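Pasted below: structure-v6.csv, CSV, C-alpha atoms.
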chain,number,residue,atom,x,y,z
H,1,MET,CA,111.7,91.6,124.4
H,2,ARG,CA,111.7,93.9,127.5
H,3,VAL,CA,109.6,97.1,127.0
H,4,ALA,CA,109.3,100.2,129.1
H,5,VAL,CA,106.5,102.7,128.4
H,6,ALA,CA,107.2,106.4,129.3
H,7,GLY,CA,103.8,107.7,130.3
H,8,VAL,CA,100.8,105.4,130.8
H,9,ASN,CA,98.0,107.7,132.1
H,10,GLY,CA,96.8,108.4,128.6
H,11,ILE,CA,97.4,106.5,125.3
H,12,GLY,CA,100.4,104.8,126.9
H,13,LYS,CA,98.4,102.3,128.8
H,14,HIS,CA,97.0,101.1,125.5
H,15,HIS,CA,100.5,100.9,124.0
H,16,ALA,CA,101.5,98.8,127.0
H,17,LYS,CA,98.6,96.4,126.4
H,18,TRP,CA,99.4,95.9,122.8
H,19,HIS,CA,103.1,95.2,123.6
H,20,HIS,CA,101.9,92.6,126.1
H,21,LEU,CA,99.5,91.0,123.6
H,22,ALA,CA,102.3,91.0,121.0
H,23,GLY,CA,104.4,88.8,123.3
H,24,ALA,CA,106.7,91.4,124.8
H,25,GLU,CA,107.3,91.8,128.6
H,26,VAL,CA,106.3,95.3,129.9
H,27,VAL,CA,108.9,95.6,132.6
H,28,ALA,CA,108.4,99.2,133.7
H,29,PHE,CA,106.8,102.5,133.0
H,30,LEU,CA,107.6,106.1,133.8
H,31,GLY,CA,105.3,108.3,135.9
H,32,SER,CA,105.6,111.9,137.0
H,33,SER,CA,105.4,111.2,140.7
H,34,GLU,CA,104.8,108.4,143.2
H,35,VAL,CA,101.1,109.1,143.0
H,36,SER,CA,101.2,108.9,139.2
H,37,CYS,CA,103.1,105.7,139.4
H,38,ALA,CA,100.5,104.2,141.8
H,39,THR,CA,97.6,105.1,139.6
H,40,GLY,CA,99.5,104.1,136.4
H,41,ALA,CA,100.2,100.6,137.8
H,42,GLU,CA,96.6,100.2,138.8
H,43,ALA,CA,95.5,101.2,135.3
H,44,LEU,CA,97.8,98.7,133.7
H,45,ARG,CA,96.8,95.9,136.0
H,46,ALA,CA,93.2,96.5,135.1
H,47,ILE,CA,93.8,95.7,131.4
H,48,PHE,CA,96.5,93.0,131.5
H,49,PRO,CA,98.6,91.1,134.1
H,50,PHE,CA,101.2,93.8,134.6
H,51,THR,CA,103.9,92.8,137.2
H,52,GLY,CA,106.5,95.5,136.4
H,53,ARG,CA,107.5,98.6,138.3
H,54,GLY,CA,106.7,102.3,138.0
H,55,TYR,CA,109.5,104.9,138.2
H,56,SER,CA,109.4,108.7,138.4
H,57,ASP,CA,113.1,109.0,137.4
H,58,PHE,CA,113.8,108.0,133.8
H,59,GLY,CA,117.5,107.5,134.3
H,60,ALA,CA,116.8,105.1,137.2
H,61,LEU,CA,114.4,103.2,135.0
H,62,LEU,CA,116.9,102.8,132.2
H,63,GLU,CA,119.7,101.8,134.6
H,64,SER,CA,117.7,99.3,136.7
H,65,GLU,CA,115.5,97.7,134.0
H,66,LYS,CA,117.7,97.9,130.9
H,67,PRO,CA,114.7,97.6,128.5
H,68,ASP,CA,115.3,96.6,124.9
H,69,ILE,CA,112.6,99.1,123.8
H,70,VAL,CA,111.3,102.4,125.2
H,71,ASP,CA,107.8,103.5,124.0
H,72,ILE,CA,107.4,107.2,124.5
H,73,CYS,CA,103.9,108.5,125.2
H,74,LEU,CA,104.9,111.7,127.0
H,75,PRO,CA,103.8,115.3,126.1
H,76,ASN,CA,105.2,116.4,122.7
H,77,GLU,CA,107.8,118.7,124.1
H,78,LEU,CA,109.5,115.9,126.0
H,79,HIS,CA,109.8,113.5,123.0
H,80,PHE,CA,113.3,114.7,122.0
H,81,GLU,CA,114.9,114.7,125.4
H,82,TYR,CA,113.5,111.2,126.4
H,83,GLY,CA,114.1,109.7,123.0
H,84,LYS,CA,117.7,110.8,123.1
H,85,MET,CA,118.2,109.4,126.6
H,86,ALA,CA,116.7,106.1,125.6
H,87,LEU,CA,118.8,105.7,122.5
H,88,ASN,CA,122.0,106.6,124.4
H,89,HIS,CA,121.1,103.8,126.8
H,90,GLY,CA,121.0,101.3,123.9
H,91,CYS,CA,117.2,101.1,123.6
H,92,HIS,CA,115.2,101.0,120.5
H,93,VAL,CA,112.6,103.8,120.5
H,94,LEU,CA,109.0,103.9,119.4
H,95,CYS,CA,107.7,107.5,119.9
H,96,GLU,CA,104.1,108.8,119.7
H,97,LYS,CA,103.4,111.4,117.0
H,98,PRO,CA,104.8,113.9,116.4
H,99,LEU,CA,108.3,112.6,116.6
H,100,VAL,CA,109.5,115.9,118.3
H,101,TRP,CA,107.7,119.2,118.9
H,102,GLY,CA,108.2,122.4,120.9
H,103,LEU,CA,110.9,125.1,120.4
H,104,GLU,CA,108.3,127.8,119.7
H,105,GLY,CA,109.3,130.0,116.9
H,106,ASP,CA,112.2,127.8,115.7
H,107,PRO,CA,111.1,125.4,113.0
H,108,GLU,CA,114.7,124.8,111.8
H,109,GLY,CA,115.7,123.8,115.3
H,110,LEU,CA,112.7,121.5,115.6
H,111,VAL,CA,113.6,119.7,112.3
H,112,ALA,CA,117.3,119.6,113.5
H,113,GLN,CA,116.2,117.8,116.7
H,114,GLY,CA,114.3,115.2,114.7
H,115,ARG,CA,117.3,114.6,112.4
H,116,GLU,CA,119.6,114.4,115.4
H,117,LEU,CA,117.4,111.5,116.8
H,118,VAL,CA,117.5,109.8,113.4
H,119,ASP,CA,121.2,110.1,113.0
H,120,LEU,CA,121.8,108.9,116.6
H,121,ALA,CA,119.7,105.8,116.1
H,122,GLY,CA,121.6,105.1,112.8
H,123,ARG,CA,125.0,105.4,114.4
H,124,LEU,CA,124.0,103.1,117.3
H,125,GLU,CA,122.2,100.7,114.9
H,126,LEU,CA,119.0,101.1,116.8
H,127,ARG,CA,115.4,101.3,115.6
H,128,LEU,CA,113.6,104.6,115.8
H,129,GLY,CA,109.9,104.7,114.8
H,130,MET,CA,107.0,107.1,115.1
H,131,CYS,CA,103.7,105.7,116.2
H,132,SER,CA,101.1,107.0,113.7
H,133,GLN,CA,99.0,103.9,113.4
H,134,TYR,CA,97.0,104.8,110.3
H,135,ALA,CA,100.0,103.7,108.2
H,136,SER,CA,99.0,100.2,109.4
H,137,ALA,CA,95.6,100.6,107.6
H,138,ILE,CA,97.0,100.5,104.1
H,139,SER,CA,97.1,96.7,103.9
H,140,HIS,CA,93.4,96.7,104.9
H,141,TYR,CA,92.7,99.5,102.4
H,142,LYS,CA,94.4,97.6,99.6
H,143,ARG,CA,92.4,94.4,100.3
H,144,LEU,CA,89.1,96.3,100.2
H,145,HIS,CA,90.1,98.2,97.1
H,146,GLU,CA,91.0,95.0,95.3
H,147,ALA,CA,87.8,93.3,96.4
H,148,CYS,CA,85.7,96.3,95.0
H,149,TYR,CA,87.7,97.5,92.0
H,150,GLY,CA,90.8,95.5,91.5
H,151,PRO,CA,94.5,96.6,91.9
H,152,MET,CA,95.2,100.1,93.0
H,153,GLN,CA,96.7,102.7,90.8
H,154,ALA,CA,99.3,105.4,91.7
H,155,PRO,CA,97.6,108.1,93.8
H,156,ALA,CA,96.3,111.1,91.7
H,157,THR,CA,94.1,112.4,94.6
H,158,PHE,CA,94.2,112.0,98.3
H,159,TYR,CA,91.5,112.8,100.9
H,160,ALA,CA,91.5,112.5,104.7
H,161,GLU,CA,89.0,113.7,107.2
H,162,MET,CA,89.6,112.9,110.9
H,163,ASP,CA,87.7,114.0,114.0
H,164,THR,CA,88.5,113.9,117.7
H,165,LEU,CA,86.2,114.4,120.6
H,166,ALA,CA,87.2,117.6,122.4
H,167,ARG,CA,86.3,116.3,125.9
H,168,GLY,CA,85.5,119.6,127.4
H,169,ARG,CA,88.5,121.7,126.3
H,170,GLN,CA,88.4,123.9,123.2
H,171,ARG,CA,91.7,123.5,121.4
H,172,SER,CA,93.0,126.0,118.9
H,173,PRO,CA,93.2,124.9,115.2
H,174,GLU,CA,97.0,124.9,115.6
H,175,GLU,CA,96.8,122.5,118.5
H,176,ILE,CA,94.4,120.2,116.5
H,177,TRP,CA,96.8,120.2,113.6
H,178,ILE,CA,99.8,119.4,115.7
H,179,ASP,CA,98.0,116.5,117.3
H,180,MET,CA,96.1,115.1,114.4
H,181,GLY,CA,98.0,116.2,111.3
H,182,PRO,CA,100.6,113.3,111.5
H,183,HIS,CA,97.9,110.7,110.9
H,184,PRO,CA,96.9,111.8,107.4
H,185,LEU,CA,100.4,112.8,106.6
H,186,SER,CA,101.7,109.3,107.5
H,187,LEU,CA,99.2,107.8,105.1
H,188,LEU,CA,100.2,110.2,102.3
H,189,LEU,CA,103.9,109.6,102.9
H,190,ALA,CA,103.4,105.8,102.9
H,191,TRP,CA,102.1,106.2,99.4
H,192,MET,CA,104.5,108.9,98.3
H,193,PRO,CA,107.6,108.9,100.6
H,194,HIS,CA,109.5,111.3,98.4
H,195,GLY,CA,106.7,113.8,97.8
H,196,VAL,CA,106.9,117.5,98.6
H,197,ILE,CA,104.2,120.2,98.8
H,198,ARG,CA,104.3,122.6,95.9
H,199,SER,CA,104.1,125.8,97.9
H,200,GLU,CA,102.3,127.8,95.3
H,201,THR,CA,99.4,125.4,95.5
H,202,LEU,CA,99.1,125.4,99.3
H,203,ASP,CA,95.8,126.7,100.7
H,204,VAL,CA,95.3,126.6,104.4
H,205,SER,CA,92.2,127.5,106.5
H,206,PHE,CA,92.4,127.3,110.3
H,207,ASN,CA,89.0,128.0,111.8
H,208,THR,CA,87.4,127.4,115.2
H,209,GLY,CA,87.8,123.7,115.9
H,210,GLN,CA,89.2,122.8,112.5
H,211,ALA,CA,92.2,122.8,110.3
H,212,HIS,CA,91.6,122.4,106.6
H,213,THR,CA,94.3,122.3,103.8
H,214,HIS,CA,94.5,121.7,100.1
H,215,PHE,CA,97.8,121.3,98.2
H,216,THR,CA,99.5,119.5,95.3
H,217,PHE,CA,102.0,116.8,96.5
H,218,PHE,CA,104.7,116.1,94.0
H,219,ASP,CA,107.1,113.2,93.9
H,220,PRO,CA,110.1,114.2,91.8
H,221,THR,CA,111.5,110.7,91.6
H,222,GLN,CA,108.4,109.5,89.8
H,223,GLU,CA,107.3,112.8,88.2
H,224,GLN,CA,104.0,112.1,89.9
H,225,ALA,CA,101.5,114.7,91.3
H,226,CYS,CA,98.7,114.1,93.7
H,227,GLU,CA,95.9,116.6,94.6
H,228,CYS,CA,95.4,116.5,98.4
H,229,GLU,CA,92.7,117.6,100.8
H,230,VAL,CA,93.1,117.1,104.6
H,231,ILE,CA,90.6,118.1,107.3
H,232,VAL,CA,91.2,117.5,111.0
H,233,ARG,CA,88.7,118.8,113.6
H,234,ASP,CA,87.5,118.6,117.2
H,235,LEU,CA,83.9,117.7,117.9
H,236,ALA,CA,82.1,118.9,121.0
H,237,GLU,CA,79.9,115.8,120.9
H,238,GLY,CA,78.7,113.0,118.7
H,239,LYS,CA,80.7,110.2,117.0
H,240,PRO,CA,84.1,111.1,115.5
H,241,GLN,CA,84.5,110.3,111.8
H,242,ARG,CA,87.7,109.0,110.3
H,243,ARG,CA,87.8,108.8,106.5
H,244,PHE,CA,90.6,108.5,104.0
H,245,GLY,CA,91.4,107.3,100.5
H,246,ILE,CA,93.1,107.8,97.2
H,247,ASN,CA,91.6,108.3,93.7
H,248,ASP,CA,88.1,108.8,95.1
H,249,PHE,CA,88.0,105.4,96.8
H,250,ILE,CA,87.2,106.9,100.2
H,251,VAL,CA,86.7,104.5,103.2
H,252,ASP,CA,85.2,105.0,106.6
H,253,CYS,CA,87.2,103.7,109.5
H,254,GLU,CA,85.6,102.4,112.7
H,255,GLY,CA,86.2,99.9,115.5
H,256,ARG,CA,84.0,97.2,116.8
H,257,ALA,CA,84.2,93.8,118.5
H,258,ASP,CA,84.2,90.6,116.5
H,259,GLU,CA,82.4,87.4,117.4
H,260,THR,CA,85.0,86.5,120.0
H,261,GLY,CA,84.7,89.9,121.7
H,262,ALA,CA,88.1,91.1,120.4
H,263,TYR,CA,88.3,94.8,119.3
H,264,ARG,CA,88.9,95.0,115.5
H,265,CYS,CA,89.3,97.8,113.0
H,266,VAL,CA,86.9,98.0,110.1
H,267,LEU,CA,87.2,99.9,106.8
H,268,ARG,CA,83.9,100.4,105.0
H,269,ALA,CA,83.1,101.5,101.5
H,270,GLY,CA,79.4,101.5,101.0
H,271,ALA,CA,78.1,97.9,101.6
H,272,ASN,CA,81.7,96.5,101.4
H,273,GLU,CA,84.0,96.3,104.4
H,274,ASP,CA,87.3,94.8,105.5
H,275,MET,CA,87.8,93.8,109.2
H,276,GLY,CA,91.3,93.3,110.5
H,277,ASP,CA,93.4,93.7,113.6
H,278,ASP,CA,93.4,97.0,115.5
H,279,PHE,CA,95.8,99.4,113.7
H,280,MET,CA,97.7,100.2,116.9
H,281,ALA,CA,98.2,96.5,117.5
H,282,LEU,CA,99.5,96.0,114.0
H,283,HIS,CA,101.8,99.0,114.3
H,284,ILE,CA,103.3,97.9,117.7
H,285,GLY,CA,103.6,94.2,116.6
H,286,GLN,CA,105.4,95.3,113.4
H,287,PHE,CA,107.8,97.5,115.4
H,288,LEU,CA,108.7,94.5,117.6
H,289,ALA,CA,109.2,92.3,114.5
H,290,CYS,CA,111.5,95.0,113.1
H,291,VAL,CA,113.6,95.1,116.3
H,292,GLU,CA,114.0,91.3,116.1
H,293,ASP,CA,114.7,91.2,112.3
H,294,PRO,CA,116.8,94.2,111.0
H,295,ARG,CA,115.9,93.2,107.4
H,296,LEU,CA,112.3,94.4,107.9
H,297,GLU,CA,111.3,98.0,107.2
H,298,LEU,CA,109.5,100.1,109.8
H,299,LEU,CA,106.0,101.3,108.9
H,300,VAL,CA,106.8,104.9,110.0
H,301,PRO,CA,110.6,105.2,110.5
H,302,GLY,CA,112.2,108.2,112.1
H,303,GLU,CA,113.1,109.6,108.7
H,304,ILE,CA,109.4,109.8,107.8
H,305,GLY,CA,108.7,111.3,111.2
H,306,VAL,CA,111.0,114.1,110.3
H,307,ARG,CA,109.3,114.5,106.9
H,308,SER,CA,106.0,114.7,108.7
H,309,ILE,CA,107.3,117.5,110.9
H,310,GLU,CA,108.5,119.4,107.9
H,311,LEU,CA,105.1,119.2,106.2
H,312,GLN,CA,103.3,120.1,109.4
H,313,LEU,CA,105.4,123.2,109.8
H,314,GLN,CA,105.0,124.2,106.2
H,315,ILE,CA,101.2,124.1,106.6
H,316,LEU,CA,101.3,125.9,110.0
H,317,GLN,CA,103.4,128.7,108.6
H,318,ARG,CA,100.8,129.3,105.8
H,319,ALA,CA,97.8,129.3,108.3
Kindly transcribe the structure held in the file into structure tokens.
Amino acid sequence: MRVAVAGVNGIGKHHAKWHHLAGAEVVAFLGSSEVSCATGAEALRAIFPFTGRGYSDFGALLESEKPDIVDICLPNELHFEYGKMALNHGCHVLCEKPLVWGLEGDPEGLVAQGRELVDLAGRLELRLGMCSQYASAISHYKRLHEACYGPMQAPATFYAEMDTLARGRQRSPEEIWIDMGPHPLSLLLAWMPHGVIRSETLDVSFNTGQAHTHFTFFDPTQEQACECEVIVRDLAEGKPQRRFGINDFIVDCEGRADETGAYRCVLRAGANEDMGDDFMALHIGQFLACVEDPRLELLVPGEIGVRSIELQLQILQRA
């Protein structure tokens, strides 16, 4: 499987590493300039034996390398343009969250762009997924829940609290929500894919460094309601906290090395914990498996990426 990563000077270099460790060949990456390509290649070679090429022209990359998969880790406002180009060149696409963004003041246009990508991928029989890796945590969460309390019940409550280190720049609550909101929403949609926010229940508070929302999420196909609370925030210092759960079984999420030195993800509830593969590694490995086997279902398909955008916009408009 030949993979090209669009943007490797941030999270993209970690995507490239996980593609390599999952058995794919990272043949190329996209940089913004010759200087960016040089620094990007150096960064990749520092974490795995990268032998591919850097390009500053995406069209040239697609024509020369003919990748099977393009992994898009570019700024949000470029996701639609580059995702569409990759699909039209016959590439499966994994895109960082949110699936598309931009088009200030035009929420309908933004949703239309997301649906355009989904429809294009469907017509071309290509895979389109959004990378929001916390959806990969549900299998860990289920194991831990069963070890502590037995089988899970349908979600009646949902809670998520996720921090990010601000790293010297103060972001607005809107920026924090756009960046971090897809993580808890991907978890919620994994449990209730047909759910909608009951608008009369939606309560949103955007304050300095934090976005906080409460709402009732209702699945009309199951006549099931879930009371939800989501908090995403920037921290100026300290250790970021990531917590989530349903029905008051809330787990803390952290990473640490196992006895072999490999980085693993750990879910902890009190004295009980479940250690498993890194969530990003699971997500990327599962995407590769879905490309090879069309019978498999993506963890976060493009359709769920569009649903996530709709929910993000609904909450932003109430802020």
Selection near range 96-104 of chain H, 6 Å with only C-alpha atoms, sequence-local residues under 3 positions removed, as a ChimeraX atom specification: /H:73,76-77,79-80,130-132,305
Shell of 6 Å around range 15-27 of chain H, only C-alpha atoms, local chain residues under 5 positions omitted, as a PyMOL selection string: chain H and resi 1-4+52+281+285
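Note that the spacing between CA of Leu126 in chain H and CA of Asp71 in chain H amounts to 13.5 Å.
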Atomic distance CA of Ala236 in chain H - CA of Gln170 in chain H, expressed in Å with one decimal: 8.3 Å
Near-range 205-222 of chain H list (7 Å; only C-alpha atoms; drop same-chain fewer than 2 positions) as an MDAnalysis selection string: chainID H and resid 171:173 177 192 194:198 201:203 224:234 319
Quick one: write out the picked residues with C-alpha atoms as an mmCIF file, in the frame of the given file?
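Done, and the output landed in again.cif:
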data_model
loop_
_atom_site.group_PDB
_atom_site.id
_atom_site.type_symbol
_atom_site.label_atom_id
_atom_site.label_comp_id
_atom_site.auth_asym_id
_atom_site.auth_seq_id
_atom_site.Cartn_x
_atom_site.Cartn_y
_atom_site.Cartn_z
ATOM 1 C CA ARG H 171 91.700 123.500 121.400
ATOM 2 C CA SER H 172 93.000 126.000 118.900
ATOM 3 C CA PRO H 173 93.200 124.900 115.200
ATOM 4 C CA TRP H 177 96.800 120.200 113.600
ATOM 5 C CA MET H 192 104.500 108.900 98.300
ATOM 6 C CA HIS H 194 109.500 111.300 98.400
ATOM 7 C CA GLY H 195 106.700 113.800 97.800
ATOM 8 C CA VAL H 196 106.900 117.500 98.600
ATOM 9 C CA ILE H 197 104.200 120.200 98.800
ATOM 10 C CA ARG H 198 104.300 122.600 95.900
ATOM 11 C CA THR H 201 99.400 125.400 95.500
ATOM 12 C CA LEU H 202 99.100 125.400 99.300
ATOM 13 C CA ASP H 203 95.800 126.700 100.700
ATOM 14 C CA GLN H 224 104.000 112.100 89.900
ATOM 15 C CA ALA H 225 101.500 114.700 91.300
ATOM 16 C CA CYS H 226 98.700 114.100 93.700
ATOM 17 C CA GLU H 227 95.900 116.600 94.600
ATOM 18 C CA CYS H 228 95.400 116.500 98.400
ATOM 19 C CA GLU H 229 92.700 117.600 100.800
ATOM 20 C CA VAL H 230 93.100 117.100 104.600
ATOM 21 C CA ILE H 231 90.600 118.100 107.300
ATOM 22 C CA VAL H 232 91.200 117.500 111.000
ATOM 23 C CA ARG H 233 88.700 118.800 113.600
ATOM 24 C CA ASP H 234 87.500 118.600 117.200
ATOM 25 C CA ALA H 319 97.800 129.300 108.300
#
Protein and nucleic acid residues near (94.5, 114.8, 108.3) (cut-off 7 Å, only C-alpha atoms) as a VMD selection string: chain H and resid 160 to 162 180 to 181 183 to 185 230 to 232
Please save C-alpha atoms of the selected residues as a PDB file, keeping the file's coordinate frame.
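Result file selection-v2.pdb:
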ATOM      1  CA  ALA H 160      91.500 112.500 104.700  1.00  0.00           C
ATOM      2  CA  GLU H 161      89.000 113.700 107.200  1.00  0.00           C
ATOM      3  CA  MET H 162      89.600 112.900 110.900  1.00  0.00           C
ATOM      4  CA  MET H 180      96.100 115.100 114.400  1.00  0.00           C
ATOM      5  CA  GLY H 181      98.000 116.200 111.300  1.00  0.00           C
ATOM      6  CA  HIS H 183      97.900 110.700 110.900  1.00  0.00           C
ATOM      7  CA  PRO H 184      96.900 111.800 107.400  1.00  0.00           C
ATOM      8  CA  LEU H 185     100.400 112.800 106.600  1.00  0.00           C
ATOM      9  CA  VAL H 230      93.100 117.100 104.600  1.00  0.00           C
ATOM     10  CA  ILE H 231      90.600 118.100 107.300  1.00  0.00           C
ATOM     11  CA  VAL H 232      91.200 117.500 111.000  1.00  0.00           C
TER      12      VAL H 232
END
With range 83-94 of chain H as the partner and 10 Å as the cut-off, tabulate the residues of range 198-312 of chain H that qualify, each row holding the nearest pair of atoms and their distance in Å to one decimal, using all atoms listed in the file, sorted by chain and rising number, as a tab-separated table.
residue	atom	partner	partner_atom	distance
H:Ile284	CA	H:Leu94	CA	8.4
H:Phe287	CA	H:Leu94	CA	7.6
H:Leu288	CA	H:Leu94	CA	9.6
H:Val291	CA	H:His92	CA	7.4
H:Val300	CA	H:Leu94	CA	9.7
H:Pro301	CA	H:Leu94	CA	9.1
H:Gly302	CA	H:Leu94	CA	9.1
Closest-contact table, range 106-187 of chain H side, partner range 243-250 of chain H, 6 Å, counting all atoms listed in the file, as a Markdown table:
| residue | atom | partner | partner_atom | distance |
| --- | --- | --- | --- | --- |
| H:Pro155 | CA | H:Ile246 | CA | 5.6 |
| H:Ala156 | CA | H:Asn247 | CA | 5.8 |
| H:Thr157 | CA | H:Asn247 | CA | 4.9 |
| H:Phe158 | CA | H:Ile246 | CA | 4.5 |
| H:Tyr159 | CA | H:Phe244 | CA | 5.4 |
| H:Ala160 | CA | H:Phe244 | CA | 4.2 |
| H:Glu161 | CA | H:Arg243 | CA | 5.1 |
CA of Ala154 in chain H to CA of Ile309 in chain H, distance in Å rounded to a single decimal: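 We find that CA of Ala154 in chain H and CA of Ile309 in chain H lie 24.1 Å from each other.
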Best match for closeness to Gly129 in chain H among H:Gln286, H:Ser199, H:Ser56, H:Gln113, counting all atoms listed in the file: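 Counting all atoms listed in the file, the residue closest to Gly129 in chain H is H:Gln286.
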For Leu61 in chain H: contacts at 8 Å, all atoms listed in the file, fewer than 5 positions along chain excluded, given as a list of chain:residue names: H:Ala28, H:Phe29, H:Leu30, H:Tyr55, H:Lys66
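Minimum atom-to-atom distance to Gln153 in chain H, evaluated using all atoms listed in the file, belongs to H:Trp191 out of H:Pro240, H:Trp191, H:Leu110, H:Ala269.
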Nearest to Ala137 in chain H by atom-to-atom distance, counting all atoms listed in the file, from H:Arg53, H:Arg295, H:Arg123, H:His283: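 Nearest candidate to Ala137 in chain H out of H:Arg53, H:Arg295, H:Arg123, H:His283: H:His283.
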Which of H:Pro49, H:Gly7, H:Gly105, H:Gly168 sits closest to Ser32 in chain H [using all atoms listed in the file]: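 Among the listed residues, the smallest separation from Ser32 in chain H belongs to H:Gly7.
Of the residues listed (H:Ile176, H:Ile315, H:Leu120, H:Ile69), H:Ile69 shows the shortest atom-to-atom separation from Glu292 in chain H; distances use only C-alpha atoms.
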Counting all atoms listed in the file, the residue of H:Glu254, H:Glu42, H:Glu108, H:Glu34 that sits nearest Val306 in chain H: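 Smallest distance to Val306 in chain H is found for H:Glu108.
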Non-local contacts of Lys239 in chain H (9 Å; all atoms listed in the file; under 3 positions in same chain excluded) as a list in words: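 Answer for this query is Asp163, Thr164, Leu165 and Leu235 of chain H.
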